[in-house]
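**Q** Got structure03.cif for you, mmCIF, C-alpha atoms:
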data_structure
loop_
_atom_site.label_atom_id
_atom_site.label_comp_id
_atom_site.auth_asym_id
_atom_site.auth_seq_id
_atom_site.Cartn_x
_atom_site.Cartn_y
_atom_site.Cartn_z
CA MET A 297 0.00 0.00 0.00
CA ALA A 298 1.31 3.45 -0.93
CA ILE A 299 1.28 6.31 1.60
CA VAL A 300 1.01 9.90 0.33
CA HIS A 301 3.19 12.29 2.34
CA SER A 302 2.87 15.59 0.46
CA ALA A 303 2.06 17.16 -2.91
CA ALA A 304 3.41 19.94 -5.12
CA ASP A 305 2.42 21.20 -8.57
CA GLY A 306 0.43 18.07 -9.42
CA LEU A 307 3.05 15.60 -8.15
CA LEU A 308 2.69 13.34 -5.12
CA LEU A 309 5.40 12.22 -2.71
CA CYS A 310 4.68 8.64 -1.69
CA SER A 311 6.32 5.72 0.07
CA ARG A 312 5.70 2.00 0.35
CA GLY A 313 6.18 0.07 3.54
CA SER A 314 8.00 1.34 6.60
CA THR A 315 10.12 4.51 6.48
CA TRP A 316 12.31 3.34 9.37
CA PRO A 317 15.17 2.42 9.63
CA ALA A 318 15.34 2.93 5.85
CA ALA A 319 12.89 4.72 3.58
CA ARG A 320 11.89 4.20 -0.04
CA TYR A 321 10.20 7.24 -1.55
CA PHE A 322 8.86 7.79 -5.03
CA VAL A 323 7.37 10.79 -6.81
CA CYS A 324 4.38 10.12 -9.04
CA ASN A 325 2.09 11.98 -11.40
CA PRO A 326 -1.46 10.69 -10.78
CA VAL A 327 -2.64 11.99 -14.17
CA THR A 328 -0.01 10.35 -16.38
CA ARG A 329 0.60 7.47 -13.91
CA GLN A 330 4.35 8.01 -14.26
CA GLN A 331 6.56 7.66 -11.22
CA THR A 332 10.19 8.17 -10.27
CA ALA A 333 11.70 5.90 -7.63
CA LEU A 334 14.28 7.59 -5.39
CA PRO A 335 17.37 5.80 -4.06
CA GLU A 336 16.79 4.20 -0.68
CA LEU A 337 17.36 6.58 2.22
CA ARG A 338 19.45 4.60 4.70
CA ASP A 339 21.49 6.95 6.91
CA LEU A 340 18.62 8.18 9.08
CA CYS A 341 19.52 9.01 12.68
CA PHE A 342 15.85 9.22 13.73
CA LYS A 343 12.48 8.43 12.20
CA PRO A 344 11.27 10.75 9.41
CA LEU A 345 8.88 13.39 10.74
CA CYS A 346 7.70 14.64 7.34
CA GLY A 347 8.72 15.03 3.70
CA LEU A 348 8.56 18.31 1.78
CA LEU A 349 8.36 18.12 -2.02
CA THR A 350 9.05 21.12 -4.26
CA VAL A 351 9.11 21.21 -8.06
CA THR A 352 12.04 23.25 -9.38
CA ALA A 353 11.05 22.95 -13.05
CA ALA A 354 7.77 21.69 -14.49
CA ALA A 355 7.58 18.91 -17.07
CA GLY A 356 8.14 20.07 -20.63
CA THR A 357 10.15 19.17 -23.69
CA ASP A 358 13.86 18.94 -24.21
CA GLY A 359 15.80 20.45 -27.10
CA GLY A 360 14.83 17.55 -29.37
CA GLY A 361 11.12 17.94 -28.74
CA HIS A 362 10.94 14.91 -26.45
CA GLY A 363 9.13 14.91 -23.13
CA ALA A 364 11.26 16.08 -20.22
CA ALA A 365 10.55 14.92 -16.68
CA PRO A 366 9.94 17.56 -14.00
CA ARG A 367 12.85 18.50 -11.77
CA PHE A 368 12.18 18.36 -8.06
CA GLN A 369 13.66 18.45 -4.59
CA LEU A 370 12.67 16.45 -1.51
CA VAL A 371 13.57 17.46 2.03
CA VAL A 372 12.95 14.86 4.76
CA ILE A 373 12.91 16.28 8.29
CA GLU A 374 13.90 13.79 10.98
CA GLU A 375 12.17 13.59 14.35
CA TRP A 376 13.41 16.43 16.52
CA GLN A 377 15.05 15.70 19.86
CA ILE A 378 14.34 18.13 22.68
CA GLU A 379 18.04 18.77 23.33
CA ASP A 380 18.78 19.60 19.67
CA THR A 381 19.55 23.13 18.48
CA PHE A 382 18.98 22.16 14.86
CA LEU A 383 16.63 20.33 12.50
CA GLY A 384 18.14 17.22 10.91
CA LEU A 385 17.50 17.22 7.15
CA LYS A 386 17.97 14.67 4.38
CA ILE A 387 17.84 16.33 0.95
CA PHE A 388 17.35 14.69 -2.44
CA SER A 389 17.64 16.54 -5.75
CA SER A 390 16.55 15.05 -9.06
CA ASP A 391 19.43 16.98 -10.66
CA THR A 392 22.07 14.96 -8.77
CA GLY A 393 20.06 11.80 -8.08
CA THR A 394 21.62 11.50 -4.61
CA TRP A 395 20.82 12.20 -0.96
CA ARG A 396 22.80 14.56 1.25
CA SER A 397 22.56 15.47 4.94
CA ARG A 398 22.27 18.94 6.43
CA MET A 399 21.50 20.59 9.76
CA ALA A 400 19.32 23.72 9.88
CA SER A 401 20.42 25.71 12.93
CA LEU A 402 17.63 27.02 15.15
CA TYR A 403 19.84 30.00 16.02
CA ARG A 404 18.62 31.42 12.70
CA CYS A 405 15.28 32.28 14.28
CA SER A 406 16.20 32.78 17.94
CA SER A 407 19.13 33.22 20.28
CA HIS A 408 17.31 30.81 22.63
CA PRO A 409 16.58 27.72 20.49
CA PHE A 410 15.76 25.55 23.52
CA GLU A 411 12.55 27.55 23.93
CA HIS A 412 11.18 26.00 20.73
CA ASP A 413 9.32 22.74 20.23
CA PHE A 414 9.32 20.73 16.99
CA ARG A 415 8.18 17.38 18.38
CA ARG A 416 4.70 17.41 16.85
CA ARG A 417 4.10 16.68 13.20
CA PRO A 418 3.96 20.06 11.41
CA ALA A 419 1.32 21.39 9.06
CA LEU A 420 2.61 21.07 5.49
CA GLY A 421 2.02 23.61 2.73
CA GLN A 422 2.14 23.11 -1.03
CA SER A 423 4.88 25.75 -1.16
CA GLY A 424 7.20 23.19 0.46
CA ALA A 425 7.04 24.75 3.93
CA ALA A 426 6.38 23.14 7.31
CA TYR A 427 4.70 25.04 10.17
CA TRP A 428 4.98 24.39 13.92
CA ILE A 429 2.82 26.36 16.36
CA GLN A 430 4.91 26.95 19.46
CA ARG A 431 4.03 26.30 23.08
CA ASP A 432 3.66 30.00 23.90
CA GLY A 433 0.67 30.18 21.53
CA ARG A 434 1.92 33.52 20.20
CA THR A 435 4.29 32.33 17.50
CA ALA A 436 4.77 29.66 14.87
CA ILE A 437 8.01 28.69 13.16
CA ALA A 438 8.12 27.84 9.47
CA TYR A 439 10.83 25.97 7.61
CA ASP A 440 10.85 26.79 3.88
CA SER A 441 12.46 23.87 2.07
CA ALA A 442 12.71 25.71 -1.28
CA GLY A 443 14.69 28.56 0.25
CA ASP A 444 16.26 26.50 3.07
CA SER A 445 15.24 29.11 5.63
CA LEU A 446 13.53 29.35 9.01
CA ARG A 447 11.28 32.22 10.04
CA VAL A 448 9.14 33.22 13.00
CA ILE A 449 5.44 33.96 12.42
CA HIS A 450 3.68 36.15 14.98
CA LEU A 451 0.14 34.86 15.56
CA PRO A 452 -2.98 36.83 16.55
CA GLU A 453 -3.66 37.04 20.27
CA SER A 454 -5.73 34.07 21.45
CA GLY A 455 -6.73 32.28 24.61
CA ALA A 456 -4.03 30.28 26.35
CA ARG A 457 -6.12 27.09 26.45
CA SER A 458 -7.32 27.23 22.84
CA LYS A 459 -6.83 24.58 20.18
CA ARG A 460 -4.92 26.05 17.23
CA CYS A 461 -4.02 25.22 13.65
CA ILE A 462 -2.24 26.99 10.80
CA GLY A 463 -1.94 26.30 7.09
CA GLU A 464 -1.52 27.79 3.63
CA ARG A 465 -4.50 29.19 1.74
CA HIS A 466 -5.10 27.91 -1.79
CA GLY A 467 -7.48 30.60 -3.02
CA GLY A 468 -7.77 34.35 -2.90
CA GLY A 469 -4.12 35.03 -3.63
CA GLY A 470 -2.55 32.56 -1.21
CA GLY A 471 -1.12 33.47 2.18
CA LEU A 472 -1.84 31.80 5.51
CA ARG A 473 -4.91 30.89 7.54
CA TYR A 474 -4.84 30.53 11.32
CA ALA A 475 -7.68 29.29 13.52
CA ARG A 476 -8.23 28.87 17.24
CA ALA A 477 -11.13 27.30 19.08
CA ASP A 478 -12.21 26.50 22.61
CA ALA A 479 -15.43 25.15 24.09
CA ALA A 480 -17.30 28.39 23.38
CA GLU A 481 -15.69 30.15 20.43
CA LEU A 482 -14.14 29.67 17.00
CA GLU A 483 -12.03 32.38 15.37
CA VAL A 484 -10.28 32.38 11.97
CA TRP A 485 -7.70 34.85 10.66
CA ASP A 486 -6.12 35.25 7.22
CA SER A 487 -2.80 36.74 6.20
CA PRO A 488 -2.27 37.79 2.56
CA THR A 489 1.36 36.62 2.71
CA THR A 490 3.14 33.60 4.16
CA GLU A 491 5.39 35.93 6.18
CA ALA A 492 2.40 37.09 8.29
CA ALA A 493 4.06 40.22 9.67
CA ARG A 494 2.86 41.77 12.92
CA GLY A 495 -0.53 43.38 12.40
CA GLY A 496 -0.95 41.63 9.04
CA TRP A 497 -3.73 39.29 10.14
CA ARG A 498 -7.39 39.98 9.42
CA THR A 499 -10.51 38.18 10.60
CA GLY A 500 -11.40 35.45 8.12
CA LEU A 501 -14.45 33.34 7.29
CA ALA A 502 -15.64 32.32 10.75
CA SER A 503 -15.59 34.30 13.94
CA GLY A 504 -17.85 34.35 16.94
CA SER A 505 -19.44 32.27 19.64
CA CYS A 506 -20.21 28.61 19.08
CA TRP A 507 -23.48 29.22 20.92
CA ASP A 508 -24.82 31.91 18.54
#
Go ahead and render the structure in this file as structure tokens.
**A**
Amino acid sequence: MAIVHSAADGLLLCSRGSTWPAARYFVCNPVTRQQTALPELRDLCFKPLCGLLTVTAAAGTDGGGHGAAPRFQLVVIEEWQIEDTFLGLKIFSSDTGTWRSRMASLYRCSSHPFEHDFRRRPALGQSGAAYWIQRDGRTAIAYDSAGDSLRVIHLPESGARSKRCIGERHGGGGGLRYARADAAELEVWDSPTTEAARGGWRTGLASGSCWD
């Protein structure tokens, strides 16, 4: 049975069987039923937390008029350990056909990286970004696999005991959507950009009391 991990520009990132201690990924086009099998990923230190697929060049034709396969990149983020000051990454590029390892330092987004928490599975966006809402409830941290960068997102003020989620919008020009809910209220905010600068959030589709 195939498991779908993420999607980008019409392509799906899938795997078959267990992804630990070794993982076999493949990228498929569900329309053409074509697929590309990636080399087995063997040198994992911890279990894969998620996989981020980005397409660097869409399918087209080569100089001879023949069909050219899309070019893509896959970033696998390993499970984060609470004592780590980095995210462990395994990166595959269709240009090289090989895997490489990298560490993304959390000092990029804070001088106090131990205050962060990346243990939960993040929300994945079709842009190739992963989003973790932090324990303080006031910020989220995004890792952008296409740009290999970390950034802090300042969230709207919300109740300390609320349930929260964040994700990328697919209509209306893109951006982010953030929602919080408790036993009595649901609120939704939109940001026109994925950077979500301070003061850049606006009330979205649903807001108000659950008892109205």
**Q** Could you jot down the atom CA of Leu451 of chain A to atom CA of Thr489 of chain A separation for me, Å, one decimal place?
**A**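 Those two atoms sit 13.0 Å apart.
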**Q** Give me the result of the PyMOL selection byres ((chain A and resi 449) around 9) on this file, residue by residue, as a list in words.
**A**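 For this structure, the PyMOL selection byres ((chain A and resi 449) around 9) captures Ile429, Arg434, Thr435, Ala436, Ile437, Ala438, Arg447, Val448, His450, Leu451, Thr490, Glu491, Ala492, Ala493 and Arg494 of chain A.
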**Q** Residue by residue, what does the PyMOL selection byres ((chain A and resi 327) around 12) grab here? Present the result as a VMD selection string.
**A** chain A and resid 305 to 308 324 to 326 328 to 331
**Q** Using the chain letters and numbering of this document, enumerate as an MDAnalysis selection string the residues selected by the PyMOL selection byres ((chain A and resi 428) around 10).
**A** chainID A and resid 412:420 426:427 429:431 435:439 448:449 461:463
**Q** Taking C-alpha atoms for each residue, export the selection above as a PDB file, in the coordinates of the input.
**A**
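The result, written out as result.pdb:
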ATOM      1  CA  HIS A 412      11.180  26.000  20.730  1.00  0.00           C
ATOM      2  CA  ASP A 413       9.320  22.740  20.230  1.00  0.00           C
ATOM      3  CA  PHE A 414       9.320  20.730  16.990  1.00  0.00           C
ATOM      4  CA  ARG A 415       8.180  17.380  18.380  1.00  0.00           C
ATOM      5  CA  ARG A 416       4.700  17.410  16.850  1.00  0.00           C
ATOM      6  CA  ARG A 417       4.100  16.680  13.200  1.00  0.00           C
ATOM      7  CA  PRO A 418       3.960  20.060  11.410  1.00  0.00           C
ATOM      8  CA  ALA A 419       1.320  21.390   9.060  1.00  0.00           C
ATOM      9  CA  LEU A 420       2.610  21.070   5.490  1.00  0.00           C
ATOM     10  CA  ALA A 426       6.380  23.140   7.310  1.00  0.00           C
ATOM     11  CA  TYR A 427       4.700  25.040  10.170  1.00  0.00           C
ATOM     12  CA  ILE A 429       2.820  26.360  16.360  1.00  0.00           C
ATOM     13  CA  GLN A 430       4.910  26.950  19.460  1.00  0.00           C
ATOM     14  CA  ARG A 431       4.030  26.300  23.080  1.00  0.00           C
ATOM     15  CA  THR A 435       4.290  32.330  17.500  1.00  0.00           C
ATOM     16  CA  ALA A 436       4.770  29.660  14.870  1.00  0.00           C
ATOM     17  CA  ILE A 437       8.010  28.690  13.160  1.00  0.00           C
ATOM     18  CA  ALA A 438       8.120  27.840   9.470  1.00  0.00           C
ATOM     19  CA  TYR A 439      10.830  25.970   7.610  1.00  0.00           C
ATOM     20  CA  VAL A 448       9.140  33.220  13.000  1.00  0.00           C
ATOM     21  CA  ILE A 449       5.440  33.960  12.420  1.00  0.00           C
ATOM     22  CA  CYS A 461      -4.020  25.220  13.650  1.00  0.00           C
ATOM     23  CA  ILE A 462      -2.240  26.990  10.800  1.00  0.00           C
ATOM     24  CA  GLY A 463      -1.940  26.300   7.090  1.00  0.00           C
TER      25      GLY A 463
END
**Q** Would you pick out the contacts of Asp380 of chain A at 12 Å or less, using all atoms listed in the file, so that residues sharing its chain but fewer than 2 positions from it are not included, and give the list as a PyMOL selection string?
**A** chain A and resi 374-378+382-384+399-403+408-415
**Q** Compare A:Ala353, A:Leu472, A:Leu337, A:Val323 by their minimum atom-to-atom distance to Lys386 of chain A, counting only C-alpha atoms, and give me the closest one.
**A**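 Looking at the shortest contact to Lys386 of chain A, the residue is A:Leu337.
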**Q** Report, in Å to a single decimal, how far apart atom CA of Arg465 of chain A and atom CA of Glu453 of chain A are.
**A**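 Going from atom CA of Glu453 of chain A over to atom CA of Arg465 of chain A, I get 20.1 Å.
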**Q** As an exercise, work out the distance from atom CA of Ser441 of chain A to atom CA of Gly471 of chain A in Å and give it to one decimal place.
**A**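 Atom CA of Gly471 of chain A lies at a distance of 16.6 Å from atom CA of Ser441 of chain A.
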